[in-house]
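Reviewing the structure listed below.
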Protein chains: 2
Amino acid sequence: MPRVFDTSALVTFVTCKQTSRVYPPGSVLFSEGDMPKGLHILDSGRVKLFGSTSRGKTFITKIASAGEMLGLNAVILGRPYLLSAEAMEPSRVSHVVRGDFLEFLRKSPEASRHVIEQLSVNYYDSQREIRTLNLSSSMREKFARLIVSWVEDSDGGSDDAIWINLDLTHEQIGQMLGASRETISRVIAALSRMGVIKVQGHVLEIPSVVKLRELAKL
Amino acid sequence: MPRVFDTSALVTFVTCKQTSRVYPPGSVLFSEGDMPKGLHILDSGRVKLFGSTSRGKTFITKIASAGEMLGLNAVILGRPYLLSAEAMEPSRVSHVVRGDFLEFLRKSPEASRHVIEQLSVNYYDSQREIRTLNLSSSMREKFARLIVSWVEDSDGGSDDAIWINLDLTHEQIGQMLGASRETISRVIAALSRMGVIKVQGHVLEIPSVVKLRELAKL
DNA sequence: ACGACTCGGTGACCGGAATCACCGGATTCC
DNA sequence: GGAATCCGGTGATTCCGGTCACCGAGTCGT
């Protein structure tokens, strides 16, 4: 799932006033509804971006990895965050005060380029997510699509077997797809029985990406 | 639903080489999967943005109105469109060849500002959509949220009755929410019975926005 | 080594929405 | 003035997935 991002965002903004600190796992960088005080740039580690209802239901929209700017659009627009951010591993995060950031953005065409690019990618991903959520009839299909999207990030192109390190719990996968833990469990069981995937501990083997892609109806 | 956008995008790009034409209702500007040849700017009219599966199922992500740049992120990234665009009314659309656009974008800070802003807004909306899709348990809730989002665009703030001109068919609403026509029909009937909305032809009356917002659980 | 906890697997049950089928009203088009 | 369409309302049936409930395996802390 590492939506790769060239780390030069760090370089771009390095000339800019900024502070940096390490967040331990489980600590939150910001919460849904907060007004953005400044831009967070993830130097290393992984951060979970998620939203939740008043009734405790949670959904994860993405797992951000090194190089990403978090809550970028909220910072730019000066509107409240729609998502909360929580470190999954010890994560080093740089922080630029909003005013400084906007200032810098105005002056530096290079920074503009970066921001435009990241916003475009974010939006693009987000459109794909909506597509997946909306067009899949069954959970099977959604799950297959999720896996396919993971594979695409690390794939050569051939139809050889692929292994994925699955370090998410069923619960978390459920939160990404809008399903319950039990359903994920059952879907995985079903796909295993069909021979589309094989599970050994935290490793997911996909014997044939083609078969998976069929299931995803892509 | 008019996600308002200041029309100055037109002005910004007016110095730029561009062609302009009017699309009759039902004609497509571009289709899902196409490689973007250039940027479309909607001068007037309304354009439906939607995606579909091979099996004919369709979902509408938004209705674009005057001032919006269509498929902006795909154009910037040079990746295939994820959505198709189809005129709903006679619509005047300006077109800037991709190379010219990127060139212009590089040179003009003003244009960059515009692009950043629109991308941010698009992404923001899109996050809200994901939120709605993922966190609503029932169709009732999704529907209520849709209406609320419409109302917010045209609302003063008080809790007076509000009228909305509903010029979408049940089918189209269904495609926005990922529901079938019948379900929308039933949901509307249910809400009418509850007195939360009243329907007279193509006009939707909302006696109390507060009650609606309760249903939306926002 | 023992509970306490988290994670995952499975069965039973139930509800909401898709689907199928049919009907009536409004438009449009010869 | 029919015939063909499109739109919307409603019933009957089916099925997917949420929820509840319980159980086993692994891990951690003291």
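Labels used: A, B, ... for chains in the order of the structure tokens, numbers from 1 for residues in each chain, and numbers from 1 for ligands as shown.
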inquiry  = Distance cut-off 10 Å, counting only C-alpha atoms (C1' of nucleotides) - which residues of chain C neighbour chain B? Return them as a PyMOL selection string.
reply    = chain C and resi 16-19
Restrict the selected residues to C-alpha atoms (C1' of nucleotides) and save them as a PDB file, in the first residue's frame.
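The resulting file, again14.pdb, is reproduced below:
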```
ATOM      1  C1'  DG C  16     -32.261  -3.760   5.019  1.00  0.00           C
ATOM      2  C1'  DA C  17     -31.757  -3.257   0.381  1.00  0.00           C
ATOM      3  C1'  DA C  18     -31.361  -5.501  -4.347  1.00  0.00           C
ATOM      4  C1'  DT C  19     -34.121  -7.692  -7.502  1.00  0.00           C
TER       5       DT C  19
END
```
### Message
I want to know what sits within 8 Å of region 86-92 of chain B, based on only C-alpha atoms (C1' of nucleotides), with residues of the same chain fewer than 6 positions away left out; could you give that as a VMD selection string?
### Response
chain B and resid 20 to 30 42 to 49
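All chain A residues having an atom within 7 Å of chain B, based on only C-alpha atoms, amount to Thr53, Phe59, Asn73, Leu77, Ser112, Ile116, Leu119, Ser120, Tyr123, Tyr124, Ser126, Ile130, Asn134, Leu135 and Gly178 of chain A.
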Just the selected residues (C-alpha atoms), exported as a JSON list (two decimals), in the first residue's frame, please.
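File written: selection20.json
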```json
[["chain", "number", "residue", "atom", "x", "y", "z"],
["A", 53, "THR", "CA", -18.84, 8.94, 13.80],
["A", 59, "PHE", "CA", -13.13, 4.20, 8.78],
["A", 73, "ASN", "CA", -6.04, 20.58, 1.60],
["A", 77, "LEU", "CA", -8.28, 26.03, 2.64],
["A", 112, "SER", "CA", 3.60, 25.06, -5.73],
["A", 116, "ILE", "CA", -0.22, 20.61, -6.97],
["A", 119, "LEU", "CA", -3.12, 17.23, -4.24],
["A", 120, "SER", "CA", -3.65, 15.68, -7.64],
["A", 123, "TYR", "CA", -7.61, 13.36, -5.28],
["A", 124, "TYR", "CA", -6.93, 10.72, -7.87],
["A", 126, "SER", "CA", -9.69, 9.32, -3.52],
["A", 130, "ILE", "CA", -15.14, 6.27, -4.24],
["A", 134, "ASN", "CA", -19.76, 2.68, -4.96],
["A", 135, "LEU", "CA", -19.45, 0.20, -7.74],
["A", 178, "GLY", "CA", -16.74, -0.36, 5.57]]
```
Identify all chain B residues at most 10 Å from chain D by counting only C-alpha atoms (C1' of nucleotides); ligands do not count. Present them as a PDB file with C-alpha atoms, in the first residue's frame.
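Saved file out_15.pdb follows:
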```pdb
ATOM      1  CA  SER B 137     -25.537   2.617   8.073  1.00  0.00           C
ATOM      2  CA  THR B 169     -34.671  11.559 -11.332  1.00  0.00           C
ATOM      3  CA  HIS B 170     -34.813   8.957  -8.589  1.00  0.00           C
ATOM      4  CA  GLU B 171     -32.570   6.865 -10.745  1.00  0.00           C
ATOM      5  CA  ARG B 181     -34.255   3.472  -7.974  1.00  0.00           C
ATOM      6  CA  GLU B 182     -36.819   1.604  -5.914  1.00  0.00           C
ATOM      7  CA  SER B 185     -38.499   5.913  -4.020  1.00  0.00           C
ATOM      8  CA  ARG B 186     -39.184   4.132  -0.764  1.00  0.00           C
ATOM      9  CA  ALA B 189     -41.920   7.970   0.761  1.00  0.00           C
TER      10      ALA B 189
END
```
Next on the checklist: Going by DSSP on the backbone, which residues of region 60-218 of chain A come out as alpha helix (DSSP H)? List them as a ChimeraX atom specification.
Outcome noted: /A:72-77,98-107,109-135,139-154,170-177,181-194,209-216
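The coordinates place CA of Leu212 (chain B) at 9.2 Å from CA of Leu191 (chain B).
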